[in-house]
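Asks: Quick one: the structure is below, and I'll ask about it shortly.
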Amino acid sequence: MVGVGVMRRLGVTALGLRNGPHRVAVTRDLRVPAHDGVVLLADHYAPDGVERPPTVLVRSPYGRRGPFGLMCGQAFASHGFQAVVQSVRGGFGSGGEFEALDERDDGLATIAWLKEQPWFGGTFAMHGPSYLGYVQWAVAAEAGPELRALSMQVTASQFREAINVGGTFALESTLIWVDLTARLKSPLSGLTTGFFSPRRARRAALSGRPIAELDRLATGEPQKFFQDLLTNGPDTPFWDRRDFSPTVAEVSAPVNMTGGWYDIFLPWQLKDYAALRAAGRRPHLTIGPWFHADQRMMRGSVDEALRWFRAHLLDDPSGLRAQPVRLFVTGADEWREYPDWPVPGMREEAWYLQPDGGLGTGAPPPSAPDRFRYDPLHPTPFLGGPTLLGGSKPVTDQRKLEKRRDVLVHTSDPLPEDAEFVGPVRADLFVRADSGHHDVVVRLCDVAPDGTSLNLCEGMRRLLPDAPEADADGVRRVSVELWPTGHRFRAGHRLRVQVCGGAYPRVARNPGTGEPVGTATRMVPVVQEVFHDPAHASSVVLPRVRPRS
């Protein structure tokens, strides 16, 4: 057993994590009874020489051995905590069928079991990224006073809006995740799915087949969760039992959040932060230059969690930073600390679309609208932005995309001095189309003096014939929430705004017909106009802050 312990410590080191001073004993395959009699399996990690210390509970659909066992079990136990790493229902030996996002009942049953164990010390915390963070929100409001801290990364209390972003369907990330979870039971899945799942998803998405067939093309057979998503829109009862945002304000345990500027869940993670602040809580928030599965973020989150757990379970706040909000400002390439989000001193600054592809802070003069034709048979592609597993690079030179005739480009003059924007971003556009069914995609870029155009943030919205309502001339005022940003535009750089009708395969193409997204086969091109005149001053609204020297 000593040799096995040494191997686990070496494994922690190989993951780029710090081992603590304690040797660790592991008890495998503990049987946890669920509410309906199904047995869930868990591994228990205990530090040598520590009597009933606090426990860190981790519930995972990705297995409880290998990297997750080392990162979530061995690492915490070596620093003096107990850790319980559990496989959720339907995976890696746990009984029942995996029901994606339906985790409240099993989570509460696991907590009830935990409290009854002779080694339980009376307090516990929860930890983990993505789905492992979502399961925390599923139980946090009902877990009892023994829950003393939560540490969650790149996650949110509800996924309905991230999957149906702006009313579109987040095709690529959803298909990647469905392929990944469908293959996790195979012995080497943890070593291969992160590489192959994005490629299988992209290949299926580019096949031209109806969306309802893409899960079978990627995985070899239809996947229930994928089909459920196609038939249950964001306002259906399917989502009600999977949405824990109404209970966020009831969570009293201190919450530590980590997100990434290029993470698919960031806007909704920040809504959770806002709900906690409105309830009088003081969560900690870190946002780095990371995408969803960024290993830099994963490594750093363990050290961050250890400091958080020491503060709230061991009464040792010495490792906590002075300010609760820590942000990495891209462009400046530096970390900043703030007392809150949105950051104090931020002011909204409108940059207006101008004639002839201009962009500036002055209102536009009288001018004719720009026009482009979106063809769902040849959808506008997605070159970079928020991503799940890195199937596409989160930051990519956009010049190839900007040459397309179905992409409008508006660019400012070179900046005379540095300009910083930290906070929420939105677009306020006036549009008209020859169909009531179309999408609006807006993207903000930083253009370097050599012409390189790097995407910073984006947002999209699916329009219906009656939403939003059009005026007598058919013009509709459309608000699009973009991902937030924290970025410095250097002197000599230019701001650029793209407007187009798609971002495929990040989101499903709009067929232009109103047919259900999963089964639509008839594709109708849509001509869209974007206005920039005194009565229809389209703009992107940016969060200006005073640059730090």
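Residue numbering restarts at 1 for every chain of the structure tokens, chains are lettered A, B, ... in their displayed order, and ligands are numbered from 1 as they appear.
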Can you pull out every residue within 6 Å of region 57-61 of chain A, counting only C-alpha atoms, but drop anything in the same chain fewer than 5 positions away, and send it as an NGL selection string?

Replies: :A and (83-88 or 126-127 or 132)

Asks: Please dump the current selection as an mmCIF file, in the first residue's frame; keep N, CA, C and O atoms.

Replies:
data_model
loop_
_atom_site.group_PDB
_atom_site.id
_atom_site.type_symbol
_atom_site.label_atom_id
_atom_site.label_comp_id
_atom_site.auth_asym_id
_atom_site.auth_seq_id
_atom_site.Cartn_x
_atom_site.Cartn_y
_atom_site.Cartn_z
ATOM 1 N N ALA A 83 -11.929 13.376 1.883
ATOM 2 C CA ALA A 83 -12.575 13.615 0.596
ATOM 3 C C ALA A 83 -13.403 12.400 0.226
ATOM 4 O O ALA A 83 -12.958 11.254 0.396
ATOM 5 N N VAL A 84 -14.600 12.637 -0.260
ATOM 6 C CA VAL A 84 -15.460 11.593 -0.807
ATOM 7 C C VAL A 84 -15.707 11.933 -2.263
ATOM 8 O O VAL A 84 -16.253 13.001 -2.572
ATOM 9 N N VAL A 85 -15.284 11.043 -3.165
ATOM 10 C CA VAL A 85 -15.456 11.252 -4.598
ATOM 11 C C VAL A 85 -16.434 10.191 -5.092
ATOM 12 O O VAL A 85 -16.138 8.990 -5.038
ATOM 13 N N GLN A 86 -17.579 10.625 -5.563
ATOM 14 C CA GLN A 86 -18.668 9.724 -5.921
ATOM 15 C C GLN A 86 -18.953 9.775 -7.411
ATOM 16 O O GLN A 86 -18.916 10.840 -8.035
ATOM 17 N N SER A 87 -19.249 8.612 -7.984
ATOM 18 C CA SER A 87 -19.761 8.542 -9.352
ATOM 19 C C SER A 87 -21.267 8.715 -9.311
ATOM 20 O O SER A 87 -21.958 8.009 -8.567
ATOM 21 N N VAL A 88 -21.803 9.641 -10.094
ATOM 22 C CA VAL A 88 -23.237 9.866 -10.090
ATOM 23 C C VAL A 88 -23.954 8.679 -10.732
ATOM 24 O O VAL A 88 -23.334 7.776 -11.325
ATOM 25 N N MET A 126 -18.120 21.314 -0.624
ATOM 26 C CA MET A 126 -18.240 20.680 -1.945
ATOM 27 C C MET A 126 -17.336 21.415 -2.918
ATOM 28 O O MET A 126 -17.059 22.605 -2.767
ATOM 29 N N HIS A 127 -16.878 20.661 -3.929
ATOM 30 C CA HIS A 127 -15.889 21.210 -4.853
ATOM 31 C C HIS A 127 -16.085 20.601 -6.241
ATOM 32 O O HIS A 127 -16.526 19.461 -6.367
ATOM 33 N N LEU A 132 -19.661 19.134 -12.017
ATOM 34 C CA LEU A 132 -19.339 18.937 -10.601
ATOM 35 C C LEU A 132 -19.657 20.181 -9.775
ATOM 36 O O LEU A 132 -19.788 20.109 -8.550
#

Asks: Region 34-37 of chain A: which residues within 7 Å, counting only C-alpha atoms, same-chain residues fewer than 3 positions away excluded, as a PyMOL selection string?

Replies: chain A and resi 40+105-106+109-110

Asks: Please identify the strand (DSSP E) residues within region 496-525 of chain A (assignment by DSSP from backbone atoms) and present them as a ChimeraX atom specification.

Replies: /A:496-500

Asks: With a distance cut-off of 6 Å and only C-alpha atoms, select the neighbouring residues of Asp533 (chain A), excluding the residue or stretch itself and same-chain residues fewer than 6 positions from it, and output the selection as number ranges by chain.

Replies: A: 364-367

Asks: Calculated over only C-alpha atoms, which of the candidates A:Glu116, A:Pro381, A:Ala218, A:Arg148 has the smallest distance to Asp315 (chain A)?

Replies: A:Arg148

Asks: Listing only residues of region 115-217 of chain A within 12 Å of region 231-249 of chain A, what is the closest atom pair and its distance in Å (to one decimal) for each, using only C-alpha atoms, sorted by chain and residue number ascending, as a Markdown table?

Replies:
| residue | atom | partner | partner_atom | distance |
| --- | --- | --- | --- | --- |
| A:Gly133 | CA | A:Phe244 | CA | 11.9 |
| A:Tyr134 | CA | A:Phe244 | CA | 8.8 |
| A:Val135 | CA | A:Phe244 | CA | 9.7 |
| A:Gln136 | CA | A:Phe244 | CA | 9.9 |
| A:Trp137 | CA | A:Phe244 | CA | 6.3 |
| A:Ala138 | CA | A:Phe244 | CA | 6.0 |
| A:Val139 | CA | A:Phe244 | CA | 8.7 |
| A:Ala140 | CA | A:Val248 | CA | 8.1 |
| A:Ala141 | CA | A:Thr247 | CA | 6.2 |
| A:Glu142 | CA | A:Thr247 | CA | 9.2 |
| A:Thr155 | CA | A:Ser245 | CA | 11.9 |
| A:Ala156 | CA | A:Ser245 | CA | 8.2 |
| A:Ser157 | CA | A:Ser245 | CA | 5.1 |
| A:Gln158 | CA | A:Asp243 | CA | 4.6 |
| A:Phe159 | CA | A:Asp243 | CA | 7.3 |
| A:Arg160 | CA | A:Pro234 | CA | 5.8 |
| A:Glu161 | CA | A:Pro234 | CA | 7.0 |
| A:Ala162 | CA | A:Pro234 | CA | 9.9 |
| A:Ile163 | CA | A:Pro234 | CA | 8.5 |
| A:Asn164 | CA | A:Pro234 | CA | 6.6 |
| A:Val165 | CA | A:Pro234 | CA | 9.6 |
| A:Gly166 | CA | A:Pro234 | CA | 10.3 |
| A:Gly167 | CA | A:Pro234 | CA | 8.1 |
| A:Thr168 | CA | A:Gly233 | CA | 10.1 |
| A:Phe169 | CA | A:Gly233 | CA | 9.4 |
| A:Ile211 | CA | A:Thr231 | CA | 11.6 |
| A:Ala212 | CA | A:Thr231 | CA | 9.6 |

Asks: Restricting it to N, CA and C atoms, dump the selection as a tab-separated table (two decimals), in the first residue's frame.

Replies:
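Produced file selection.tsv, reproduced below:
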chain	number	residue	atom	x	y	z
A	133	GLY	N	-19.76	21.33	-10.44
A	133	GLY	CA	-20.22	22.54	-9.77
A	133	GLY	C	-21.74	22.65	-9.79
A	134	TYR	N	-22.33	22.25	-10.91
A	134	TYR	CA	-23.79	22.27	-11.01
A	134	TYR	C	-24.43	21.41	-9.92
A	135	VAL	N	-23.85	20.23	-9.63
A	135	VAL	CA	-24.44	19.38	-8.59
A	135	VAL	C	-24.37	20.05	-7.22
A	136	GLN	N	-23.45	20.99	-7.04
A	136	GLN	CA	-23.42	21.74	-5.78
A	136	GLN	C	-24.65	22.63	-5.65
A	137	TRP	N	-24.97	23.37	-6.72
A	137	TRP	CA	-26.15	24.21	-6.69
A	137	TRP	C	-27.42	23.38	-6.49
A	138	ALA	N	-27.41	22.15	-6.99
A	138	ALA	CA	-28.60	21.30	-6.89
A	138	ALA	C	-29.01	21.01	-5.45
A	139	VAL	N	-28.05	21.07	-4.52
A	139	VAL	CA	-28.34	20.69	-3.13
A	139	VAL	C	-28.01	21.79	-2.12
A	140	ALA	N	-27.33	22.83	-2.53
A	140	ALA	CA	-26.74	23.77	-1.57
A	140	ALA	C	-27.77	24.43	-0.67
A	141	ALA	N	-28.94	24.74	-1.19
A	141	ALA	CA	-29.94	25.41	-0.38
A	141	ALA	C	-30.59	24.49	0.65
A	142	GLU	N	-30.44	23.17	0.48
A	142	GLU	CA	-31.11	22.21	1.35
A	142	GLU	C	-30.13	21.31	2.10
A	155	THR	N	-19.15	27.04	-14.05
A	155	THR	CA	-20.45	26.39	-13.90
A	155	THR	C	-21.51	27.42	-13.59
A	156	ALA	N	-22.75	26.97	-13.46
A	156	ALA	CA	-23.86	27.85	-13.13
A	156	ALA	C	-24.96	27.02	-12.48
A	157	SER	N	-25.91	27.71	-11.88
A	157	SER	CA	-27.02	27.03	-11.20
A	157	SER	C	-28.06	26.52	-12.16
A	158	GLN	N	-27.97	26.92	-13.42
A	158	GLN	CA	-28.86	26.39	-14.45
A	158	GLN	C	-28.14	26.43	-15.78
A	159	PHE	N	-28.42	25.41	-16.61
A	159	PHE	CA	-27.78	25.32	-17.92
A	159	PHE	C	-28.76	25.62	-19.05
A	160	ARG	N	-30.02	25.88	-18.71
A	160	ARG	CA	-31.01	26.04	-19.78
A	160	ARG	C	-30.67	27.21	-20.70
A	161	GLU	N	-30.17	28.31	-20.16
A	161	GLU	CA	-29.87	29.46	-20.99
A	161	GLU	C	-28.57	29.30	-21.76
A	162	ALA	N	-27.62	28.56	-21.20
A	162	ALA	CA	-26.37	28.31	-21.93
A	162	ALA	C	-26.59	27.36	-23.10
A	163	ILE	N	-27.52	26.42	-22.95
A	163	ILE	CA	-27.83	25.50	-24.04
A	163	ILE	C	-28.74	26.17	-25.06
A	164	ASN	N	-29.56	27.11	-24.61
A	164	ASN	CA	-30.46	27.84	-25.50
A	164	ASN	C	-30.06	29.32	-25.51
A	165	VAL	N	-28.80	29.58	-25.82
A	165	VAL	CA	-28.23	30.91	-25.66
A	165	VAL	C	-28.93	31.89	-26.60
A	166	GLY	N	-29.57	32.90	-26.00
A	166	GLY	CA	-30.29	33.90	-26.78
A	166	GLY	C	-31.42	33.33	-27.60
A	167	GLY	N	-31.91	32.15	-27.23
A	167	GLY	CA	-32.97	31.50	-27.99
A	167	GLY	C	-32.47	30.60	-29.10
A	168	THR	N	-31.15	30.58	-29.35
A	168	THR	CA	-30.56	29.65	-30.31
A	168	THR	C	-30.31	28.31	-29.61
A	169	PHE	N	-29.70	27.38	-30.30
A	169	PHE	CA	-29.35	26.08	-29.70
A	169	PHE	C	-27.85	25.90	-29.78
A	211	ILE	N	-30.44	18.13	-37.50
A	211	ILE	CA	-29.80	18.13	-36.19
A	211	ILE	C	-30.22	16.92	-35.36
A	212	ALA	N	-31.45	16.47	-35.50
A	212	ALA	CA	-31.92	15.34	-34.70
A	212	ALA	C	-31.17	14.05	-35.00

Asks: Rounded to one decimal, what separation in Å do you get between CA of Pro534 (chain A) and CA of Arg496 (chain A)?

Replies: 20.6 Å
